[in-house]
Structures are given as C-alpha cells and as structure tokens.
Amino acid sequence: MTNQQTPRGPRPDPGTPDPAAAPGPGRPPRTGLSRRGFVTGALGVTAAGAAGAALAGCSAPVQQGAPSTDALPTARYLPFEGPTQTGITATPVPALGMLAAFSVQRADRAALAGVLTELTDEIRGLMSGRPPQTRDGAYPPTDSGLLGERPPPDDLAVVLSVGASLFDDRFGLVDRRPRELVTMPFLANDRLDPARSHGDLLLSLEARHPDTLQFALRQLMRRTRANLVLNWLVEGFARGSGIAAAGGTPRNLLGFKDGTANLDPADDTLMNRHVWVAAGGGEPDWAAGGSYQAVRAIRMFVEFWDRTQLAEQEAIIGRHKNTGAPLGQADEFAEPNYTDDAEGQRIKLDAHIRLANPRTPETADNLILRRGFHFTRGFDAAGRLDQGLAFVSYQRSLERGFLAVQNRLSGEPLEEYIQTQGGGFFFALPGVQGADRFLGDQLVR
Ligand code: HEM
C-alpha cells in the first residue's frame, strides 16, 4: 500500500461551462466576446487587481501565489448535486477562498430545518448562476446587484458544514453527533481567540473573483438573517493543490510551494479511503458521504521568517524553496526517500514534511485532503503584518487524519514562526441528489 500523496494532474472538470463561451462540437473557438463573456473577462482584470490590492496591498506573494486567470480553463457553473458536496473536490481549485462561521439563533429544530432549506436553495441557485427574481420597485431587490443581470460563471462552490455546538441540547440532536465531532481543543502552541473560533454552521466558499464571493455571502446571509448570526470570517487567496492548479503550485506566505504532495481530489479511491465518511463504524447513518473538516487560522510571523537563513528555512520545511522539490532532489513531485536517509542527513527528522507524512506503513492511514488558503488582515498593534494560513483539511476521521498529523507536528521547528489563533472542527454535510432534498435533511428530520 503506498503512502504517497502524489497528485495525478487535472481531471476534466465536471461543471457546466458557460454555453456562450464553449466552442461546441464542430465549431471553431469563438474569438469575439458575448456580453457575459465580456463581463467575465472584465472581472478577470478588475477583480484580480482588486484582490491583490485589498488582500495584500499588491505585494509580490499575491502575484506569485494566485494562478494567472489567463492560464485557467474557461470558468464554469459547477454542479451542486452529488453524493458528496462537490466543492470539496472540485478542480481546478479557484484562487480565492472564504470561511464564514455562524451561530443559529433559535433553539428549535424546525427553524434549523428552515435554515438548511434556505441555504441549500440559495447555494443551488448561486452555483448555477440563477438570475435574480425581478420585483416590484416598491420592494428591496432580491439580490445586491453586485454581479449584474445574471452572475457570470466563476467556478463558485459553497460547502456547508456543521459544528459540534449544533449537537448540544438546543435541537434534540445529541444522539446524532458524528462520532468524532468535538469542539476543537487547544493543541500545542495554540492561542485560540474565542471570537475567531468554532460555530454552529460553517460556509466554505471559493471562486475566482472577490466580487463573486461577496455576492454569494450576502445572498446567503440575506436568506437566513432571521436565524443566523455571523461569528467570524476569513478571506484569502492563493489556493490550489499541486499540479491541479493551473499556473503551477501556488506558494504560501513563507514563499514555499504549498500543495505539492496533497491528495489528488480526482482519485475516487483515495477520496473514499481518506476523505468520505462511510456508513457504519459507529457513525450515524445520516453522516455517510460527509467529511470531517479541520479549520485552523494560523498566523505566520513573516518578518521573523524573512530574517531566517535560506538553508534554515529549507531545513524546517524539508523542501527546496525555489523548485519545491524534496531536499537533495530536483523535481517538485519526486518522492522524498526517507528509507535511504534514516539519520536525517538530507531531510531532517523534524522537517515539516517528514513529520506530516513519514511515508511509513504505520502512518499510511493518516492522509488528509488539504484545501486551505492564505489570508492577510492588515497589521497588529506592534506594526507587524498579520498574515497566515487558513488551513483547511477534509478527512474521514479526525483522529486518524488531522489529529494524527498535528500530533506528530507538535514541537516542530516551524512552530517558532507560526501560531494558531482561530478555527474549529466541523463536519461537512453529505451531498444531496434530487430537487426535493436539502443539505442536512437526514440529520434534522
Ligand atoms: C502555517 C502553517 C503551515 C505551513 C507554512 C505549511 C507548509 C507546508 C509546505 C511548504 C509543505 C510542502 C508542500 C506540500 O506538499 O504541500 C507542506 C506539506 C504538508 N503539510 Fe503543511 N504547513 C503548515 C501547516 C500544516 C498543518 C497544520 C498540517 C496538518 C496538521 C499540515 C500538513 C501537511 C501535510 C500532510 C503535508 C504533506 C506532506 C507530504 O506528504 O510530504 N501542514 N506544508
């Protein structure tokens, strides 16, 4: 059994291409631009600029990290329905991400079912570019109008997850809690800020452009404002996983390629083994097709890192900064050979990648699907940049996945440069198939 997390490259995207942009059988690719094509193209220019400006002050990491929009295939409306939520494994992974955590205001199972129904309908509409209803001018419009007449395709995906607090005594769901779903504890080196941690519900959004994300968030909040209150929000950029990301593997804010050895989301065998919760094994029936989601808002002390010698930086991670290859090798996707380096001469025994995945038979079960992104939040009272990694991982078991990896990383040299300040453990709901279904229906019925 292999313990590699080698990506296999982009798979054909199952989403719905914008029909106006697709060449179609026997037709040459179009050279002109439709109105919608123009809108998408214009977004590509203006919003990418806005992302750089708003998120990182036009600094170099954004330019390096965010895959060039030009290199990407045509943007699509992604399918919403499936046995699992499609946004967890959709490729290519769009450059921008957002996490929004909410608390449910009314302790009433019917109200919760109502929230889930409203959210599902809105996500369905958002992901398919459903045009807003037109209304009498005497009423407020049904959408913000941010994206015009019809939201253009932008690879928008929204994933809905539930937190451990939803299984307290408010909704009568105590006996339906996924077996391993607990409030995220303080782990070594953590300084969790309660104002940026946990939540009843979590929305994970991704798209190519910031206005698409803002539009989606506002729609979702407007549909649920009577019952949901926003607790915290993280917005960021430079998502991607391995060669599945057009333009190459994005770099993190420490300047290293991030995602090289991630699991390939297109590999169903790997996803079934490591990501999707299956029926049985002590899990409630409704949870099959869901996935445990670990979220960690990890501050990076970048000024300190930038004063560290290159050789030291590379030893801490275990990879060459320039190429992303394991130390001592030239190819980014080469397998680090730990058997031939038992003393840690090439890759130190406490290097991040070696601890995260020692590639031994005993740790072969500890693989996780990472789908995080990077954030900037201005600067702190000491004038230091407040930046970091919004780490997100999906796994079939928190204990065998995230927690096993995190426990091995505990005490790693990288800890001197990072500190986890927020996040939580969540459970991404199973997908739904059929217009009469809503996310979490089996949980609340
Ligand atoms: C700010 C914090 C972190 C930074 C800067 C960071 C950086 C990196 C980098 C540069 C790589 C190598 C490229 C790649 O394969 O993606 C990597 C790999 C990896 N990281 Fe992290 N990481 C961080 C936190 C975490 C956390 C919290 C976990 C899980 C608990 C984790 C798990 C992994 C895993 C599983 C790999 C792949 C190792 C392999 O298969 O070789 N990382 N990380």
# chains A, B, ... in the order shown; residues from 1 in each chain; ligands from 1
call {"tool": "residues_near_ligand", "arguments": {"ligand": "ligand 1", "cutoff": "6 Å", "atoms": "only C-alpha atoms and all ligand atoms", "output": "ChimeraX atom specification"}}
result
/A:5,256-262,298,300,317,353,356-357,389,402,405-406,418
call {"tool": "select_by_dssp", "arguments": {"residues": "stretch 249-287 of chain A", "states": "alpha helix (DSSP H)", "output": "MDAnalysis selection string"}}
result
chainID A and resid 268:274
call {"tool": "closest_atom_pairs", "arguments": {"of": "stretch 318-382 of chain A", "to": "stretch 197-216 of chain A", "cutoff": "12 Å", "atoms": "only C-alpha atoms", "output": "Markdown table"}}
result
| residue | atom | partner | partner_atom | distance |
| --- | --- | --- | --- | --- |
| A:Arg371 | CA | A:Ser204 | CA | 10.3 |
| A:Gly372 | CA | A:Ser204 | CA | 10.2 |
| A:Phe373 | CA | A:Glu206 | CA | 9.9 |
call {"tool": "write_last_selection", "arguments": {"atoms": "N, CA and C atoms", "output": "PDB file, in the first residue's frame"}}
result
ATOM      1  N   ARG A 371      -7.162  21.875   1.684  1.00  0.00           N
ATOM      2  CA  ARG A 371      -7.800  22.810   0.744  1.00  0.00           C
ATOM      3  C   ARG A 371      -7.833  24.205   1.365  1.00  0.00           C
ATOM      4  N   GLY A 372      -6.697  24.613   1.898  1.00  0.00           N
ATOM      5  CA  GLY A 372      -6.624  25.897   2.596  1.00  0.00           C
ATOM      6  C   GLY A 372      -6.291  27.046   1.668  1.00  0.00           C
ATOM      7  N   PHE A 373      -6.083  28.196   2.261  1.00  0.00           N
ATOM      8  CA  PHE A 373      -5.684  29.374   1.502  1.00  0.00           C
ATOM      9  C   PHE A 373      -4.965  30.321   2.453  1.00  0.00           C
TER      10      PHE A 373
END
call {"tool": "atom_distance", "arguments": {"atom1": "atom CA of A:Met98", "atom2": "atom CA of A:Ala111"}}
result
25.5 Å
call {"tool": "select_by_dssp", "arguments": {"residues": "stretch 226-415 of chain A", "states": "strand (DSSP E)", "output": "PyMOL selection string"}}
result
chain A and resi 228-236+291-300+369-370+373-379+385-395
call {"tool": "write_last_selection", "arguments": {"atoms": "N, CA and C atoms", "output": "mmCIF file, in the first residue's frame"}}
result
data_model
loop_
_atom_site.group_PDB
_atom_site.id
_atom_site.type_symbol
_atom_site.label_atom_id
_atom_site.label_comp_id
_atom_site.auth_asym_id
_atom_site.auth_seq_id
_atom_site.Cartn_x
_atom_site.Cartn_y
_atom_site.Cartn_z
ATOM 1 N N LEU A 228 -29.647 33.310 11.550
ATOM 2 C CA LEU A 228 -28.186 33.090 11.630
ATOM 3 C C LEU A 228 -27.460 34.396 11.941
ATOM 4 N N VAL A 229 -26.460 34.305 12.810
ATOM 5 C CA VAL A 229 -25.606 35.465 13.086
ATOM 6 C C VAL A 229 -24.167 35.090 12.742
ATOM 7 N N LEU A 230 -23.524 35.975 11.997
ATOM 8 C CA LEU A 230 -22.131 35.739 11.598
ATOM 9 C C LEU A 230 -21.216 35.904 12.805
ATOM 10 N N ASN A 231 -20.377 34.904 13.053
ATOM 11 C CA ASN A 231 -19.441 34.962 14.191
ATOM 12 C C ASN A 231 -18.028 35.359 13.772
ATOM 13 N N TRP A 232 -17.563 34.795 12.685
ATOM 14 C CA TRP A 232 -16.232 35.168 12.187
ATOM 15 C C TRP A 232 -16.111 34.851 10.710
ATOM 16 N N LEU A 233 -15.125 35.509 10.116
ATOM 17 C CA LEU A 233 -14.968 35.434 8.661
ATOM 18 C C LEU A 233 -13.468 35.462 8.347
ATOM 19 N N VAL A 234 -13.027 34.607 7.470
ATOM 20 C CA VAL A 234 -11.636 34.653 6.981
ATOM 21 C C VAL A 234 -11.686 34.672 5.463
ATOM 22 N N GLU A 235 -11.001 35.635 4.866
ATOM 23 C CA GLU A 235 -10.967 35.717 3.408
ATOM 24 C C GLU A 235 -9.525 35.607 2.952
ATOM 25 N N GLY A 236 -9.307 34.956 1.826
ATOM 26 C CA GLY A 236 -7.922 34.829 1.392
ATOM 27 C C GLY A 236 -7.754 34.397 -0.039
ATOM 28 N N SER A 291 -17.815 14.621 5.565
ATOM 29 C CA SER A 291 -16.372 14.580 5.829
ATOM 30 C C SER A 291 -16.048 15.497 7.003
ATOM 31 N N TYR A 292 -15.153 15.044 7.863
ATOM 32 C CA TYR A 292 -14.684 15.912 8.952
ATOM 33 C C TYR A 292 -13.813 17.021 8.356
ATOM 34 N N GLN A 293 -14.050 18.241 8.843
ATOM 35 C CA GLN A 293 -13.319 19.394 8.314
ATOM 36 C C GLN A 293 -12.577 20.073 9.472
ATOM 37 N N ALA A 294 -11.257 20.129 9.369
ATOM 38 C CA ALA A 294 -10.457 20.847 10.374
ATOM 39 C C ALA A 294 -10.079 22.200 9.795
ATOM 40 N N VAL A 295 -10.352 23.251 10.561
ATOM 41 C CA VAL A 295 -10.044 24.614 10.111
ATOM 42 C C VAL A 295 -9.122 25.244 11.145
ATOM 43 N N ARG A 296 -8.013 25.814 10.700
ATOM 44 C CA ARG A 296 -7.064 26.445 11.622
ATOM 45 C C ARG A 296 -6.599 27.765 11.020
ATOM 46 N N ALA A 297 -6.909 28.865 11.702
ATOM 47 C CA ALA A 297 -6.392 30.167 11.256
ATOM 48 C C ALA A 297 -5.011 30.333 11.883
ATOM 49 N N ILE A 298 -3.972 30.113 11.077
ATOM 50 C CA ILE A 298 -2.598 30.062 11.601
ATOM 51 C C ILE A 298 -1.848 31.331 11.217
ATOM 52 N N ARG A 299 -1.576 32.155 12.215
ATOM 53 C CA ARG A 299 -0.779 33.369 11.977
ATOM 54 C C ARG A 299 0.657 32.963 11.654
ATOM 55 N N MET A 300 1.246 33.646 10.695
ATOM 56 C CA MET A 300 2.668 33.409 10.380
ATOM 57 C C MET A 300 3.440 34.665 10.751
ATOM 58 N N LEU A 369 -6.922 15.584 2.957
ATOM 59 C CA LEU A 369 -7.064 16.440 1.775
ATOM 60 C C LEU A 369 -7.005 17.890 2.239
ATOM 61 N N ARG A 370 -5.913 18.583 1.875
ATOM 62 C CA ARG A 370 -5.774 19.987 2.282
ATOM 63 C C ARG A 370 -6.419 20.882 1.236
ATOM 64 N N PHE A 373 -6.083 28.196 2.261
ATOM 65 C CA PHE A 373 -5.684 29.374 1.502
ATOM 66 C C PHE A 373 -4.965 30.321 2.453
ATOM 67 N N HIS A 374 -4.538 31.455 1.943
ATOM 68 C CA HIS A 374 -3.734 32.373 2.754
ATOM 69 C C HIS A 374 -4.480 33.662 2.980
ATOM 70 N N PHE A 375 -4.266 34.242 4.140
ATOM 71 C CA PHE A 375 -5.020 35.464 4.449
ATOM 72 C C PHE A 375 -4.073 36.568 4.876
ATOM 73 N N THR A 376 -4.509 37.786 4.685
ATOM 74 C CA THR A 376 -3.822 38.930 5.292
ATOM 75 C C THR A 376 -4.898 39.742 5.993
ATOM 76 N N ARG A 377 -4.564 40.239 7.206
ATOM 77 C CA ARG A 377 -5.547 41.016 7.978
ATOM 78 C C ARG A 377 -4.917 42.338 8.422
ATOM 79 N N GLY A 378 -4.151 42.941 7.552
ATOM 80 C CA GLY A 378 -3.528 44.211 7.922
ATOM 81 C C GLY A 378 -2.328 43.970 8.823
ATOM 82 N N PHE A 379 -2.288 44.703 9.967
ATOM 83 C CA PHE A 379 -1.132 44.583 10.852
ATOM 84 C C PHE A 379 -1.573 44.713 12.301
ATOM 85 N N LEU A 385 3.030 42.577 10.301
ATOM 86 C CA LEU A 385 1.993 42.124 9.371
ATOM 87 C C LEU A 385 1.218 40.960 9.984
ATOM 88 N N ASP A 386 -0.088 41.039 9.865
ATOM 89 C CA ASP A 386 -0.952 39.977 10.395
ATOM 90 C C ASP A 386 -1.386 39.105 9.215
ATOM 91 N N GLN A 387 -0.621 38.059 8.971
ATOM 92 C CA GLN A 387 -0.866 37.211 7.804
ATOM 93 C C GLN A 387 -0.791 35.755 8.218
ATOM 94 N N GLY A 388 -1.295 34.896 7.376
ATOM 95 C CA GLY A 388 -1.152 33.490 7.719
ATOM 96 C C GLY A 388 -1.866 32.553 6.782
ATOM 97 N N LEU A 389 -1.988 31.340 7.274
ATOM 98 C CA LEU A 389 -2.600 30.258 6.510
ATOM 99 C C LEU A 389 -3.951 29.906 7.125
ATOM 100 N N ALA A 390 -4.997 29.963 6.301
ATOM 101 C CA ALA A 390 -6.286 29.415 6.724
ATOM 102 C C ALA A 390 -6.229 27.938 6.331
ATOM 103 N N PHE A 391 -5.695 27.145 7.238
ATOM 104 C CA PHE A 391 -5.529 25.712 6.961
ATOM 105 C C PHE A 391 -6.909 25.050 6.981
ATOM 106 N N VAL A 392 -7.203 24.284 5.945
ATOM 107 C CA VAL A 392 -8.459 23.533 5.903
ATOM 108 C C VAL A 392 -8.111 22.125 5.452
ATOM 109 N N SER A 393 -8.544 21.136 6.214
ATOM 110 C CA SER A 393 -8.363 19.768 5.723
ATOM 111 C C SER A 393 -9.656 18.981 5.898
ATOM 112 N N TYR A 394 -9.877 18.090 4.944
ATOM 113 C CA TYR A 394 -11.030 17.182 4.988
ATOM 114 C C TYR A 394 -10.497 15.770 5.193
ATOM 115 N N GLN A 395 -11.177 15.015 6.041
ATOM 116 C CA GLN A 395 -10.749 13.651 6.307
ATOM 117 C C GLN A 395 -11.909 12.816 6.825
#
call {"tool": "atom_distance", "arguments": {"atom1": "atom CA of A:Arg176", "atom2": "atom CA of A:Pro284"}}
result
6.1 Å
call {"tool": "residues_around", "arguments": {"residues": "stretch 273-279 of chain A", "least_positions_apart": "4", "cutoff": "9 Å", "atoms": "only C-alpha atoms", "output": "ChimeraX atom specification"}}
result
/A:84,268-269,283-292,365-369,394-397,401,430
call {"tool": "atom_distance", "arguments": {"atom1": "atom CA of A:Thr89", "atom2": "atom CA of A:Leu253"}}
result
23.4 Å
call {"tool": "residues_around", "arguments": {"residues": "A:Leu119", "least_positions_apart": "4", "cutoff": "12 Å", "atoms": "only C-alpha atoms", "output": "ChimeraX atom specification"}}
result
/A:112-115,123-127,158-161,201-203,216-225,227-228,437-441
call {"tool": "write_last_selection", "arguments": {"atoms": "C-alpha atoms", "output": "CSV table (one decimal), in the first residue's frame"}}
result
chain,number,residue,atom,x,y,z
A,112,LEU,CA,-32.9,24.8,11.9
A,113,ALA,CA,-34.5,22.7,9.1
A,114,GLY,CA,-35.8,26.0,7.6
A,115,VAL,CA,-32.3,27.5,7.7
A,123,ILE,CA,-26.4,27.6,-2.8
A,124,ARG,CA,-28.1,25.7,-5.6
A,125,GLY,CA,-29.0,29.0,-7.3
A,126,LEU,CA,-25.6,30.6,-6.7
A,127,MET,CA,-23.7,27.7,-8.1
A,158,VAL,CA,-20.1,26.6,-1.5
A,159,VAL,CA,-19.7,23.9,1.1
A,160,LEU,CA,-22.0,23.7,4.2
A,161,SER,CA,-20.7,22.2,7.4
A,201,LEU,CA,-22.5,26.3,10.9
A,202,LEU,CA,-19.6,27.0,8.6
A,203,LEU,CA,-19.8,28.1,5.0
A,216,ALA,CA,-22.6,34.8,-2.6
A,217,LEU,CA,-22.0,35.6,1.0
A,218,ARG,CA,-24.5,38.5,1.0
A,219,GLN,CA,-27.1,36.3,-0.7
A,220,LEU,CA,-26.7,33.5,1.8
A,221,MET,CA,-26.8,35.9,4.7
A,222,ARG,CA,-29.9,37.7,3.4
A,223,ARG,CA,-31.8,34.5,3.1
A,224,THR,CA,-31.1,33.5,6.7
A,225,ARG,CA,-30.8,36.8,8.6
A,227,ASN,CA,-31.9,32.9,12.2
A,228,LEU,CA,-28.2,33.1,11.6
A,437,ARG,CA,-33.6,17.3,-0.9
A,438,PHE,CA,-31.7,19.8,1.2
A,439,LEU,CA,-28.3,19.7,2.9
A,440,GLY,CA,-28.6,18.1,6.3
A,441,ASP,CA,-32.2,16.8,5.7
call {"tool": "closest_residue", "arguments": {"among": "A:Asp143, A:Gly422, A:Ala311, A:Asn337", "to": "A:Arg196", "atoms": "only C-alpha atoms"}}
result
A:Gly422
call {"tool": "closest_residue", "arguments": {"among": "A:Ala325, A:Leu254, A:Leu116, A:Ala428", "to": "A:Phe301", "atoms": "only C-alpha atoms"}}
result
A:Leu254
call {"tool": "closest_residue", "arguments": {"among": "A:Ala95, A:Leu187, A:Ala315, A:Leu147", "to": "A:Leu349", "atoms": "only C-alpha atoms"}}
result
A:Ala315
call {"tool": "residues_around", "arguments": {"residues": "A:Pro132", "least_positions_apart": "3", "cutoff": "10 Å", "atoms": "only C-alpha atoms", "output": "PyMOL selection string"}}
result
chain A and resi 125-126+129+135+141-145+148-151
call {"tool": "write_last_selection", "arguments": {"atoms": "C-alpha atoms", "output": "JSON list (two decimals), in the first residue's frame"}}
result
[["chain", "number", "residue", "atom", "x", "y", "z"],
["A", 125, "GLY", "CA", -29.01, 28.98, -7.29],
["A", 126, "LEU", "CA", -25.63, 30.62, -6.74],
["A", 129, "GLY", "CA", -25.92, 31.29, -11.87],
["A", 135, "ARG", "CA", -39.65, 42.53, -8.24],
["A", 141, "PRO", "CA", -34.47, 43.93, -4.84],
["A", 142, "THR", "CA", -33.93, 40.22, -4.17],
["A", 143, "ASP", "CA", -30.19, 40.50, -4.70],
["A", 144, "SER", "CA", -27.47, 43.08, -4.19],
["A", 145, "GLY", "CA", -26.97, 43.57, -7.92],
["A", 148, "GLY", "CA", -25.44, 42.40, -12.75],
["A", 149, "GLU", "CA", -28.31, 40.69, -14.53],
["A", 150, "ARG", "CA", -27.01, 37.15, -14.24],
["A", 151, "PRO", "CA", -23.98, 36.17, -12.16]]
call {"tool": "closest_residue", "arguments": {"among": "A:Arg359, A:Arg177, A:Lys321, A:Arg354", "to": "A:Leu429", "atoms": "only C-alpha atoms"}}
result
A:Arg177
call {"tool": "residues_around", "arguments": {"residues": "A:Pro185", "least_positions_apart": "5", "cutoff": "9 Å", "atoms": "only C-alpha atoms", "output": "MDAnalysis selection string"}}
result
chainID A and resid 192 424:425
